[in-house]
file structure.cif (mmCIF, C-alpha atoms and all ligand atoms)
data_upload
loop_
_atom_site.label_atom_id
_atom_site.label_comp_id
_atom_site.auth_asym_id
_atom_site.auth_seq_id
_atom_site.Cartn_x
_atom_site.Cartn_y
_atom_site.Cartn_z
CA MET S 3 0.00 0.00 0.00
CA VAL S 4 1.37 3.43 -0.92
CA ARG S 5 1.00 5.86 1.93
CA LYS S 6 -0.23 9.39 1.47
CA ILE S 7 2.08 12.10 2.74
CA ALA S 8 -0.82 13.80 4.52
CA ASP S 9 -1.21 10.64 6.65
CA ILE S 10 2.52 10.46 7.38
CA LEU S 11 2.43 14.08 8.55
CA GLN S 12 -0.36 13.23 10.98
CA GLU S 13 1.86 10.66 12.64
CA LYS S 14 5.34 12.10 12.57
CA LYS S 15 6.62 15.25 14.21
CA ARG S 16 9.49 15.55 11.76
CA THR S 17 9.93 14.24 8.24
CA TYR S 18 12.94 13.90 5.97
CA SER S 19 12.39 13.78 2.22
CA PHE S 20 14.69 13.65 -0.78
CA GLU S 21 14.17 15.12 -4.22
CA PHE S 22 15.52 13.64 -7.48
CA PHE S 23 15.31 14.70 -11.11
CA PRO S 24 14.85 12.32 -14.06
CA PRO S 25 18.24 11.70 -15.70
CA LYS S 26 18.27 12.19 -19.47
CA THR S 27 20.11 8.96 -20.32
CA GLU S 28 19.02 5.40 -19.72
CA LYS S 29 22.30 4.70 -17.93
CA GLY S 30 21.62 7.63 -15.61
CA ARG S 31 18.10 6.42 -14.89
CA THR S 32 19.26 2.91 -14.11
CA LYS S 33 21.85 4.32 -11.71
CA LEU S 34 19.25 6.49 -9.97
CA ILE S 35 16.71 3.71 -9.63
CA GLU S 36 18.99 0.78 -8.83
CA GLU S 37 21.87 2.38 -6.92
CA THR S 38 21.34 5.96 -5.74
CA ALA S 39 17.77 5.55 -4.46
CA LYS S 40 18.77 2.30 -2.78
CA GLU S 41 21.50 4.11 -0.85
CA PHE S 42 18.97 6.81 0.06
CA THR S 43 16.66 4.22 1.66
CA GLU S 44 19.38 3.80 4.31
CA LEU S 45 18.70 7.40 5.36
CA LYS S 46 15.15 6.34 6.35
CA PRO S 47 13.27 8.61 3.94
CA ASP S 48 9.69 9.51 4.71
CA TRP S 49 9.26 10.01 0.99
CA PHE S 50 11.13 10.67 -2.23
CA SER S 51 10.04 13.17 -4.85
CA VAL S 52 10.74 13.36 -8.57
CA THR S 53 10.69 16.63 -10.50
CA TYR S 54 8.74 17.30 -13.67
CA GLY S 55 10.75 18.79 -16.54
CA ALA S 56 10.00 22.22 -17.93
CA GLY S 57 9.19 20.50 -21.23
CA GLY S 58 10.63 17.91 -23.59
CA SER S 59 11.34 14.25 -23.24
CA THR S 60 12.17 13.95 -19.53
CA ARG S 61 8.56 14.72 -18.58
CA GLU S 62 7.20 11.28 -19.39
CA LEU S 63 10.05 9.82 -17.39
CA THR S 64 8.75 11.24 -14.11
CA ILE S 65 5.81 8.86 -13.90
CA GLU S 66 8.03 5.89 -14.84
CA ILE S 67 10.62 6.71 -12.21
CA VAL S 68 8.01 7.39 -9.52
CA ASP S 69 6.33 4.09 -10.30
CA GLN S 70 9.54 2.09 -10.26
CA LEU S 71 10.87 3.65 -7.06
CA GLN S 72 7.59 3.02 -5.25
CA LYS S 73 7.46 -0.62 -6.34
CA ARG S 74 11.12 -1.32 -5.68
CA TYR S 75 11.59 0.31 -2.29
CA GLY S 76 8.11 0.66 -0.75
CA VAL S 77 8.83 4.34 -0.05
CA PRO S 78 6.08 6.83 -0.99
CA VAL S 79 7.18 8.88 -3.98
CA MET S 80 5.74 12.28 -4.80
CA HIS S 81 5.22 13.14 -8.47
CA HIS S 82 5.90 16.84 -9.21
CA PHE S 83 3.34 18.02 -11.74
CA THR S 84 3.03 21.35 -13.58
CA CYS S 85 0.51 23.07 -15.83
CA VAL S 86 3.16 23.96 -18.44
CA GLY S 87 2.32 22.93 -21.99
CA HIS S 88 -0.74 20.88 -21.04
CA SER S 89 -4.39 21.45 -21.86
CA GLN S 90 -6.82 20.50 -19.11
CA GLU S 91 -7.67 17.34 -21.02
CA GLU S 92 -4.01 16.32 -21.03
CA LEU S 93 -3.67 17.11 -17.34
CA LYS S 94 -6.66 14.86 -16.62
CA LYS S 95 -5.20 12.07 -18.75
CA ILE S 96 -1.93 12.17 -16.81
CA LEU S 97 -3.78 12.21 -13.49
CA GLN S 98 -5.68 9.14 -14.64
CA GLN S 99 -2.37 7.43 -15.47
CA MET S 100 -1.04 8.32 -12.02
CA LYS S 101 -4.15 6.84 -10.44
CA GLN S 102 -3.79 3.64 -12.44
CA ARG S 103 -0.23 3.28 -11.17
CA ASN S 104 -1.26 3.99 -7.60
CA ILE S 105 0.76 7.21 -7.42
CA ARG S 106 -0.92 8.96 -4.52
CA ASN S 107 1.30 11.96 -3.82
CA ILE S 108 1.60 15.01 -6.04
CA LEU S 109 3.49 18.29 -5.68
CA ALA S 110 1.17 20.62 -7.58
CA LEU S 111 2.94 23.44 -9.39
CA ARG S 112 2.25 26.02 -12.03
CA GLY S 113 5.71 25.67 -13.58
CA ASP S 114 7.62 28.40 -15.37
CA ALA S 115 7.61 29.96 -18.81
CA PRO S 116 9.94 28.13 -21.20
CA GLU S 117 13.49 29.49 -21.53
CA GLY S 118 13.57 32.52 -23.79
CA ALA S 119 9.90 33.42 -23.21
CA GLN S 120 9.37 36.91 -21.78
CA CYS S 121 6.69 35.97 -19.27
CA TRP S 122 4.34 33.20 -18.22
CA THR S 123 1.35 32.57 -20.45
CA PRO S 124 -0.93 29.61 -19.92
CA THR S 125 -1.29 26.93 -22.60
CA PRO S 126 -4.51 27.24 -24.66
CA ASP S 127 -7.24 25.32 -22.76
CA GLY S 128 -4.74 24.96 -19.94
CA LEU S 129 -4.52 26.45 -16.45
CA GLU S 130 -3.09 29.75 -15.32
CA TYR S 131 -2.34 29.20 -11.65
CA CYS S 132 -1.37 26.35 -9.41
CA TYR S 133 -4.55 26.58 -7.31
CA GLN S 134 -6.53 25.62 -10.43
CA LEU S 135 -4.41 22.51 -10.83
CA ILE S 136 -5.08 21.66 -7.18
CA GLU S 137 -8.83 22.02 -7.84
CA LEU S 138 -8.49 19.69 -10.81
CA ILE S 139 -6.57 17.13 -8.72
CA ARG S 140 -9.20 17.43 -5.97
CA SER S 141 -11.90 16.49 -8.49
CA TYR S 142 -10.49 12.96 -7.86
CA GLY S 143 -11.56 13.31 -4.22
CA ASP S 144 -9.03 12.30 -1.58
CA PHE S 145 -7.17 9.81 -3.72
CA PHE S 146 -4.17 12.13 -3.97
CA SER S 147 -2.27 13.88 -1.22
CA ILE S 148 -1.25 17.32 -2.50
CA GLY S 149 1.78 19.41 -1.63
CA VAL S 150 2.47 22.92 -2.90
CA ALA S 151 5.51 25.16 -3.37
CA GLY S 152 6.21 28.01 -0.96
CA PHE S 153 8.55 30.98 -1.30
CA PRO S 154 10.12 32.33 1.90
CA GLU S 155 11.35 35.40 0.01
CA GLY S 156 8.14 35.73 -2.00
CA HIS S 157 7.72 34.33 -5.52
CA ILE S 158 9.93 36.09 -8.06
CA ASP S 159 6.89 37.48 -9.98
CA CYS S 160 4.82 38.42 -6.94
CA PRO S 161 4.69 42.13 -6.04
CA ASP S 162 5.21 41.63 -2.29
CA LYS S 163 5.48 39.04 0.46
CA GLU S 164 2.01 39.69 1.92
CA THR S 165 0.36 39.07 -1.47
CA ASP S 166 2.46 35.94 -1.84
CA SER S 167 1.08 34.63 1.48
CA LYS S 168 -2.48 35.32 0.33
CA TYR S 169 -1.88 33.26 -2.79
CA LEU S 170 -0.43 30.49 -0.64
CA LYS S 171 -3.64 30.50 1.39
CA ILE S 172 -5.68 30.11 -1.82
CA LYS S 173 -3.61 27.01 -2.70
CA ILE S 174 -4.21 25.51 0.73
CA ASP S 175 -7.93 26.32 0.65
CA ALA S 176 -8.12 24.60 -2.75
CA GLY S 177 -6.76 21.39 -1.23
CA GLY S 178 -2.99 21.74 -0.67
CA GLU S 179 -2.03 19.78 2.44
CA PHE S 180 1.57 20.79 3.03
CA VAL S 181 4.16 23.19 1.69
CA ILE S 182 7.74 22.62 0.54
CA THR S 183 9.77 25.79 0.27
CA GLN S 184 12.07 27.10 -2.37
CA LEU S 185 15.72 26.96 -1.34
CA PHE S 186 16.94 29.78 0.90
CA PHE S 187 20.10 30.45 2.89
CA ASP S 188 18.99 32.85 5.59
CA ASN S 189 16.78 31.05 8.11
CA LYS S 190 15.26 34.37 9.12
CA ASP S 191 13.43 34.30 5.76
CA TYR S 192 11.93 30.91 6.60
CA PHE S 193 10.81 31.83 10.13
CA GLU S 194 9.30 35.13 8.95
CA TYR S 195 7.50 33.22 6.19
CA LEU S 196 5.96 30.91 8.82
CA GLU S 197 4.71 33.97 10.68
CA ARG S 198 3.15 35.51 7.56
CA ALA S 199 1.53 32.21 6.62
CA LYS S 200 0.09 31.82 10.11
CA LYS S 201 -1.29 35.34 9.98
CA VAL S 202 -3.34 34.58 6.85
CA GLY S 203 -4.58 31.29 8.31
CA VAL S 204 -2.23 28.77 6.70
CA ASN S 205 -1.92 26.04 9.32
CA VAL S 206 -0.39 23.19 7.33
CA ARG S 207 3.23 22.08 7.65
CA ILE S 208 5.80 24.17 5.86
CA LEU S 209 8.90 22.10 5.17
CA PRO S 210 12.14 23.95 4.45
CA GLY S 211 13.84 23.04 1.16
CA ILE S 212 17.59 22.59 1.64
CA ILE S 213 20.21 22.55 -1.08
CA PRO S 214 23.69 21.32 -0.20
CA ILE S 215 26.13 23.68 -1.91
CA THR S 216 28.72 21.74 -3.92
CA SER S 217 29.66 24.31 -6.57
CA TYR S 218 29.74 28.11 -6.46
CA GLN S 219 28.92 28.38 -10.17
CA THR S 220 25.92 26.06 -9.85
CA LEU S 221 24.75 28.08 -6.86
CA LEU S 222 24.88 31.29 -8.92
CA ARG S 223 23.02 29.64 -11.78
CA PHE S 224 20.28 28.12 -9.60
CA CYS S 225 19.64 31.26 -7.63
CA GLY S 226 19.68 33.33 -10.82
CA THR S 227 16.88 31.17 -12.17
CA CYS S 228 14.67 30.84 -9.11
CA GLY S 229 15.31 34.28 -7.64
CA ALA S 230 16.60 33.09 -4.24
CA THR S 231 18.94 35.59 -2.59
CA ILE S 232 22.52 34.56 -1.92
CA PRO S 233 23.46 36.36 1.30
CA GLU S 234 26.83 38.12 1.44
CA LYS S 235 28.12 35.62 4.04
CA VAL S 236 27.46 32.79 1.54
CA HIS S 237 29.39 34.59 -1.20
CA GLU S 238 32.21 35.19 1.30
CA ILE S 239 32.47 31.49 2.10
CA PHE S 240 32.08 30.01 -1.37
CA LYS S 241 33.48 32.54 -3.82
CA PRO S 242 37.12 32.08 -2.68
CA LEU S 243 36.64 28.30 -3.02
CA ASP S 244 35.34 28.53 -6.61
CA GLY S 245 36.92 25.72 -8.66
CA ASN S 246 38.07 23.76 -5.58
CA ALA S 247 35.52 20.95 -5.49
CA GLU S 248 36.78 19.31 -2.31
CA ALA S 249 36.93 22.54 -0.28
CA THR S 250 33.51 23.63 -1.60
CA TYR S 251 32.04 20.26 -0.64
CA ARG S 252 33.40 20.51 2.91
CA ALA S 253 32.21 24.10 3.33
CA GLY S 254 28.82 23.17 1.82
CA VAL S 255 28.33 20.38 4.33
CA GLU S 256 29.36 22.62 7.21
CA PHE S 257 27.04 25.41 6.09
CA ALA S 258 24.07 23.07 5.63
CA VAL S 259 24.63 21.36 9.00
CA GLY S 260 24.50 24.78 10.68
CA GLN S 261 21.43 25.78 8.70
CA CYS S 262 19.56 22.52 9.37
CA ASN S 263 20.37 22.44 13.10
CA ASP S 264 19.16 26.01 13.47
CA LEU S 265 15.95 25.26 11.52
CA LEU S 266 15.13 22.17 13.58
CA ALA S 267 15.96 23.91 16.86
CA GLY S 268 13.63 26.73 15.79
CA GLY S 269 10.76 24.29 15.24
CA ALA S 270 10.96 23.32 11.55
CA PRO S 271 8.92 20.13 11.12
CA GLY S 272 11.61 18.32 9.13
CA LEU S 273 13.74 18.91 6.06
CA HIS S 274 13.33 18.41 2.31
CA PHE S 275 16.62 18.00 0.48
CA TYR S 276 17.22 19.06 -3.11
CA CYS S 277 19.64 16.17 -3.61
CA LEU S 278 20.36 16.57 -7.33
CA ASN S 279 20.65 12.77 -7.50
CA LYS S 280 23.76 12.73 -5.29
CA ILE S 281 23.82 10.92 -1.98
CA GLU S 282 27.09 12.10 -0.46
CA PRO S 283 26.48 15.63 0.79
CA THR S 284 22.97 14.84 2.07
CA LYS S 285 24.13 11.66 3.81
CA GLU S 286 26.94 13.49 5.56
CA ILE S 287 24.73 16.42 6.54
CA LEU S 288 22.13 14.08 8.02
CA SER S 289 24.78 12.17 9.96
CA LYS S 290 25.92 15.44 11.57
CA ILE S 291 22.63 17.06 12.50
CA LYS S 292 20.48 16.48 15.53
CA ARG S 293 17.55 14.67 13.87
C1 LIG C 1 9.72 22.58 -3.83
C2 LIG C 1 9.61 23.05 -5.27
C3 LIG C 1 9.62 22.09 -6.28
C4 LIG C 1 9.51 22.48 -7.63
N1 LIG C 1 9.51 21.52 -8.61
C5 LIG C 1 9.37 21.88 -9.91
C6 LIG C 1 9.31 20.89 -10.94
O1 LIG C 1 9.41 19.71 -10.68
N2 LIG C 1 9.14 21.31 -12.23
C7 LIG C 1 9.02 22.65 -12.55
O2 LIG C 1 8.86 22.97 -13.74
N3 LIG C 1 9.06 23.62 -11.59
C8 LIG C 1 9.23 23.26 -10.28
N4 LIG C 1 9.27 24.23 -9.30
C9 LIG C 1 9.23 25.65 -9.69
C10 LIG C 1 7.81 26.22 -9.81
O3 LIG C 1 7.10 25.60 -10.87
C11 LIG C 1 7.95 27.73 -10.06
O4 LIG C 1 8.52 28.34 -8.94
C12 LIG C 1 6.71 28.48 -10.49
O5 LIG C 1 7.10 29.78 -10.95
C13 LIG C 1 5.68 28.73 -9.40
O6 LIG C 1 4.91 27.66 -9.22
P1 LIG C 1 3.69 27.72 -8.14
O7 LIG C 1 3.10 26.38 -8.17
O8 LIG C 1 4.15 28.27 -6.88
O9 LIG C 1 2.73 28.75 -8.90
P2 LIG C 1 1.52 29.66 -8.39
O10 LIG C 1 1.18 29.41 -6.98
O11 LIG C 1 0.44 29.52 -9.41
O12 LIG C 1 2.17 31.10 -8.50
C14 LIG C 1 2.72 31.56 -9.72
C15 LIG C 1 2.68 33.10 -9.77
O13 LIG C 1 1.33 33.54 -9.86
C16 LIG C 1 0.99 34.35 -8.75
N5 LIG C 1 -0.34 33.91 -8.29
C17 LIG C 1 -0.64 32.77 -7.63
N6 LIG C 1 -1.96 32.69 -7.40
C18 LIG C 1 -2.51 33.80 -7.91
C19 LIG C 1 -3.83 34.31 -7.98
N7 LIG C 1 -4.86 33.64 -7.42
N8 LIG C 1 -4.06 35.50 -8.61
C20 LIG C 1 -3.01 36.20 -9.16
N9 LIG C 1 -1.73 35.78 -9.10
C21 LIG C 1 -1.47 34.58 -8.49
C22 LIG C 1 2.07 34.07 -7.69
O14 LIG C 1 2.32 35.20 -6.89
C23 LIG C 1 3.27 33.76 -8.53
O15 LIG C 1 3.93 34.95 -8.92
C24 LIG C 1 9.40 23.88 -7.95
C25 LIG C 1 9.41 24.83 -6.92
C26 LIG C 1 9.51 24.43 -5.59
C27 LIG C 1 9.53 25.46 -4.51
#
call {"tool": "encode", "arguments": {"input": "structure.cif", "output": "structure tokens"}}
result
Amino acid sequence: MVRKIADILQEKKRTYSFEFFPPKTEKGRTKLIEETAKEFTELKPDWFSVTYGAGGSTRELTIEIVDQLQKRYGVPVMHHFTCVGHSQEELKKILQQMKQRNIRNILALRGDAPEGAQCWTPTPDGLEYCYQLIELIRSYGDFFSIGVAGFPEGHIDCPDKETDSKYLKIKIDAGGEFVITQLFFDNKDYFEYLERAKKVGVNVRILPGIIPITSYQTLLRFCGTCGATIPEKVHEIFKPLDGNAEATYRAGVEFAVGQCNDLLAGGAPGLHFYCLNKIEPTKEILSKIKR
């Protein structure tokens, strides 16, 4: 039986979850499914999650990987799912396929405009906002447990943080059951986000998304895309180490251990790791924090 994340959250005070992306090559997929995920099961995951590509061929791989991981390891696996490039009919078809494969956990997302596009425009006959996707998923009743994305610094296209919290509330009212945040490096942003969410009546769990830093250049690229701020202290640590993989790795683990310990001590209900299909940094971080 595949467990719903909403039920797991009822039982556990803290959860630890690990996010993967679908590798482009068959060799990469075999490695993820047969080796990497197996190693991750030793970290006692509450669930895995698999991202949904912005477009192109890796999208159909998400459902395959989710299905295989669930069957192989008995760990619940959350299928990320976006509105990008899909009409409502297509979205329904994919939901039906998920149901047939007993995929019961979805991270509902709007997705982003394709690279090169000036701004977000919905697909003809598609959906404009994530809350509409949640409503569509909820038309299947309680079969699916639904998570949503949260933005401690406010979404990049949202005029201000208060408006961002109101939109979060709409997603929860539509049927979102928990929140996973965008990556951030200043825990103050996370704790203030919790306060704002509480103020507008969001009472579901808000799980901090953690990215272990293993490359300064990748950090710059990621944050450039998603709009997360890189605090000066992070530049100060990692910029001088640029190009030194070993030193960056060590500093990345140390930084994340400090960040995670502070989050948990401050009451965060667990951690969600953006693992980028690599076990090492996450494994080491988890071994050094007070779970
Ligand atoms: C944990 C996590 C995992 C992710 N995984 C993926 C993935 O697998 N694949 C992928 O492509 N992307 C992924 N993303 C990125 C995500 O798709 C983008 O950040 C996207 O821009 C926002 O998605 P959303 O679901 O929050 O959208 P929405 O909640 O719909 O918000 C999008 C924009 O619309 C505004 N808005 C929301 N509701 C309303 C409203 N009612 N009226 C007016 N404006 C509104 C918001 O302020 C925001 O600016 C992930 C993000 C996170 C945090």
call {"tool": "axis_aligned_box", "arguments": {"input": "structure.cif", "around": "ligand LIG 1 (chain C)", "padding_each_side": "5 Å", "output": "lines of an AutoDock Vina configuration file"}}
result
center_x = 2.4
center_y = 28.0
center_z = -8.8
size_x = 24.6
size_y = 26.5
size_z = 19.9
call {"tool": "residues_around", "arguments": {"input": "structure.cif", "residues": "segment 105-122 of chain S", "least_positions_apart": "6", "cutoff": "9 Å", "atoms": "all atoms listed in the file", "output": "JSON, numbers by chain"}}
result
{"S": [4, 5, 6, 7, 8, 51, 53, 54, 56, 57, 65, 68, 69, 72, 78, 79, 80, 81, 82, 83, 84, 85, 86, 99, 129, 130, 131, 132, 133, 134, 135, 136, 139, 145, 146, 147, 148, 149, 150, 151, 178, 181, 182]}
call {"tool": "write_last_selection", "arguments": {"input": "structure.cif", "atoms": "C-alpha atoms", "output": "compact mmCIF listing (two decimals), in the coordinates of the input"}}
result
# COMPACT_ATOMS: atom_id res chain seq x y z
CA VAL S 4 1.37 3.43 -0.92
CA ARG S 5 1.00 5.86 1.93
CA LYS S 6 -0.23 9.39 1.47
CA ILE S 7 2.08 12.10 2.74
CA ALA S 8 -0.82 13.80 4.52
CA SER S 51 10.04 13.17 -4.85
CA THR S 53 10.69 16.63 -10.50
CA TYR S 54 8.74 17.30 -13.67
CA ALA S 56 10.00 22.22 -17.93
CA GLY S 57 9.19 20.50 -21.23
CA ILE S 65 5.81 8.86 -13.90
CA VAL S 68 8.01 7.39 -9.52
CA ASP S 69 6.33 4.09 -10.30
CA GLN S 72 7.59 3.02 -5.25
CA PRO S 78 6.08 6.83 -0.99
CA VAL S 79 7.18 8.88 -3.98
CA MET S 80 5.74 12.28 -4.80
CA HIS S 81 5.22 13.14 -8.47
CA HIS S 82 5.90 16.84 -9.21
CA PHE S 83 3.34 18.02 -11.74
CA THR S 84 3.03 21.35 -13.58
CA CYS S 85 0.51 23.07 -15.83
CA VAL S 86 3.16 23.96 -18.44
CA GLN S 99 -2.37 7.43 -15.47
CA LEU S 129 -4.52 26.45 -16.45
CA GLU S 130 -3.09 29.75 -15.32
CA TYR S 131 -2.34 29.20 -11.65
CA CYS S 132 -1.37 26.35 -9.41
CA TYR S 133 -4.55 26.58 -7.31
CA GLN S 134 -6.53 25.62 -10.43
CA LEU S 135 -4.41 22.51 -10.83
CA ILE S 136 -5.08 21.66 -7.18
CA ILE S 139 -6.57 17.13 -8.72
CA PHE S 145 -7.17 9.81 -3.72
CA PHE S 146 -4.17 12.13 -3.97
CA SER S 147 -2.27 13.88 -1.22
CA ILE S 148 -1.25 17.32 -2.50
CA GLY S 149 1.78 19.41 -1.63
CA VAL S 150 2.47 22.92 -2.90
CA ALA S 151 5.51 25.16 -3.37
CA GLY S 178 -2.99 21.74 -0.67
CA VAL S 181 4.16 23.19 1.69
CA ILE S 182 7.74 22.62 0.54
call {"tool": "closest_residue", "arguments": {"input": "structure.cif", "among": "S:Asp175, S:Glu282, S:Glu36, S:Asp264", "to": "Gln70 of chain S", "atoms": "all atoms listed in the file"}}
result
S:Glu36
call {"tool": "residues_around", "arguments": {"input": "structure.cif", "residues": "segment 26-30 of chain S", "least_positions_apart": "2", "cutoff": "12 Å", "atoms": "all atoms listed in the file", "output": "list in words"}}
result
Phe22, Phe23, Pro24, Thr32, Lys33, Leu34, Ile35, Glu36, Glu37, Thr38, Ala39, Gly55, Gly58, Ser59, Thr60, Arg61, Glu62, Leu63, Thr64, Ile67, Asn279 and Lys280 of chain S
call {"tool": "residues_near_point", "arguments": {"input": "structure.cif", "point": "(15.7, 34.0, 2.9)", "cutoff": "10 Å", "atoms": "only C-alpha atoms", "output": "list in words"}}
result
Phe153, Pro154, Glu155, Gly156, Gln184, Leu185, Phe186, Phe187, Asp188, Asn189, Lys190, Asp191, Tyr192, Phe193, Glu194, Tyr195, Ala230, Thr231, Ile232 and Pro233 of chain S
call {"tool": "atom_distance", "arguments": {"input": "structure.cif", "atom1": "atom CA of Phe20 of chain S", "atom2": "atom CA of Gly211 of chain S"}}
result
9.6 Å
call {"tool": "closest_residue", "arguments": {"input": "structure.cif", "among": "S:Ser217, S:Gly268, S:Val255, S:Lys285", "to": "Phe240 of chain S", "atoms": "only C-alpha atoms"}}
result
S:Ser217
call {"tool": "closest_residue", "arguments": {"input": "structure.cif", "among": "S:Thr216, S:Thr17, S:Ser89, S:Gln261", "to": "Leu243 of chain S", "atoms": "all atoms listed in the file"}}
result
S:Thr216
call {"tool": "closest_residue", "arguments": {"input": "structure.cif", "among": "S:Pro47, S:Pro126, S:Gly143, S:Pro161", "to": "ligand LIG 1 (chain C)", "atoms": "only C-alpha atoms and all ligand atoms"}}
result
S:Pro161
call {"tool": "build_atoms", "arguments": {"input": "structure.cif", "residues": "segment 246-257 of chain S", "atoms": "N, CA and C atoms", "output": "CSV table (one decimal), keeping the file's coordinate frame"}}
result
chain,number,residue,atom,x,y,z
S,246,ASN,N,37.5,24.8,-6.5
S,246,ASN,CA,38.1,23.8,-5.6
S,246,ASN,C,36.9,22.9,-5.1
S,247,ALA,N,36.7,21.8,-5.8
S,247,ALA,CA,35.5,21.0,-5.5
S,247,ALA,C,35.5,20.4,-4.1
S,248,GLU,N,36.7,19.9,-3.6
S,248,GLU,CA,36.8,19.3,-2.3
S,248,GLU,C,36.5,20.3,-1.2
S,249,ALA,N,37.1,21.5,-1.3
S,249,ALA,CA,36.9,22.5,-0.3
S,249,ALA,C,35.5,23.0,-0.3
S,250,THR,N,34.9,23.2,-1.5
S,250,THR,CA,33.5,23.6,-1.6
S,250,THR,C,32.6,22.6,-1.0
S,251,TYR,N,32.9,21.3,-1.2
S,251,TYR,CA,32.0,20.3,-0.6
S,251,TYR,C,32.1,20.4,0.9
S,252,ARG,N,33.3,20.5,1.4
S,252,ARG,CA,33.4,20.5,2.9
S,252,ARG,C,32.7,21.7,3.5
S,253,ALA,N,32.9,22.9,2.8
S,253,ALA,CA,32.2,24.1,3.3
S,253,ALA,C,30.7,24.0,3.2
S,254,GLY,N,30.3,23.3,2.1
S,254,GLY,CA,28.8,23.2,1.8
S,254,GLY,C,28.2,22.3,2.9
S,255,VAL,N,28.9,21.2,3.3
S,255,VAL,CA,28.3,20.4,4.3
S,255,VAL,C,28.3,21.2,5.6
S,256,GLU,N,29.3,21.9,5.9
S,256,GLU,CA,29.4,22.6,7.2
S,256,GLU,C,28.2,23.7,7.3
S,257,PHE,N,28.1,24.4,6.1
S,257,PHE,CA,27.0,25.4,6.1
S,257,PHE,C,25.7,24.8,6.3
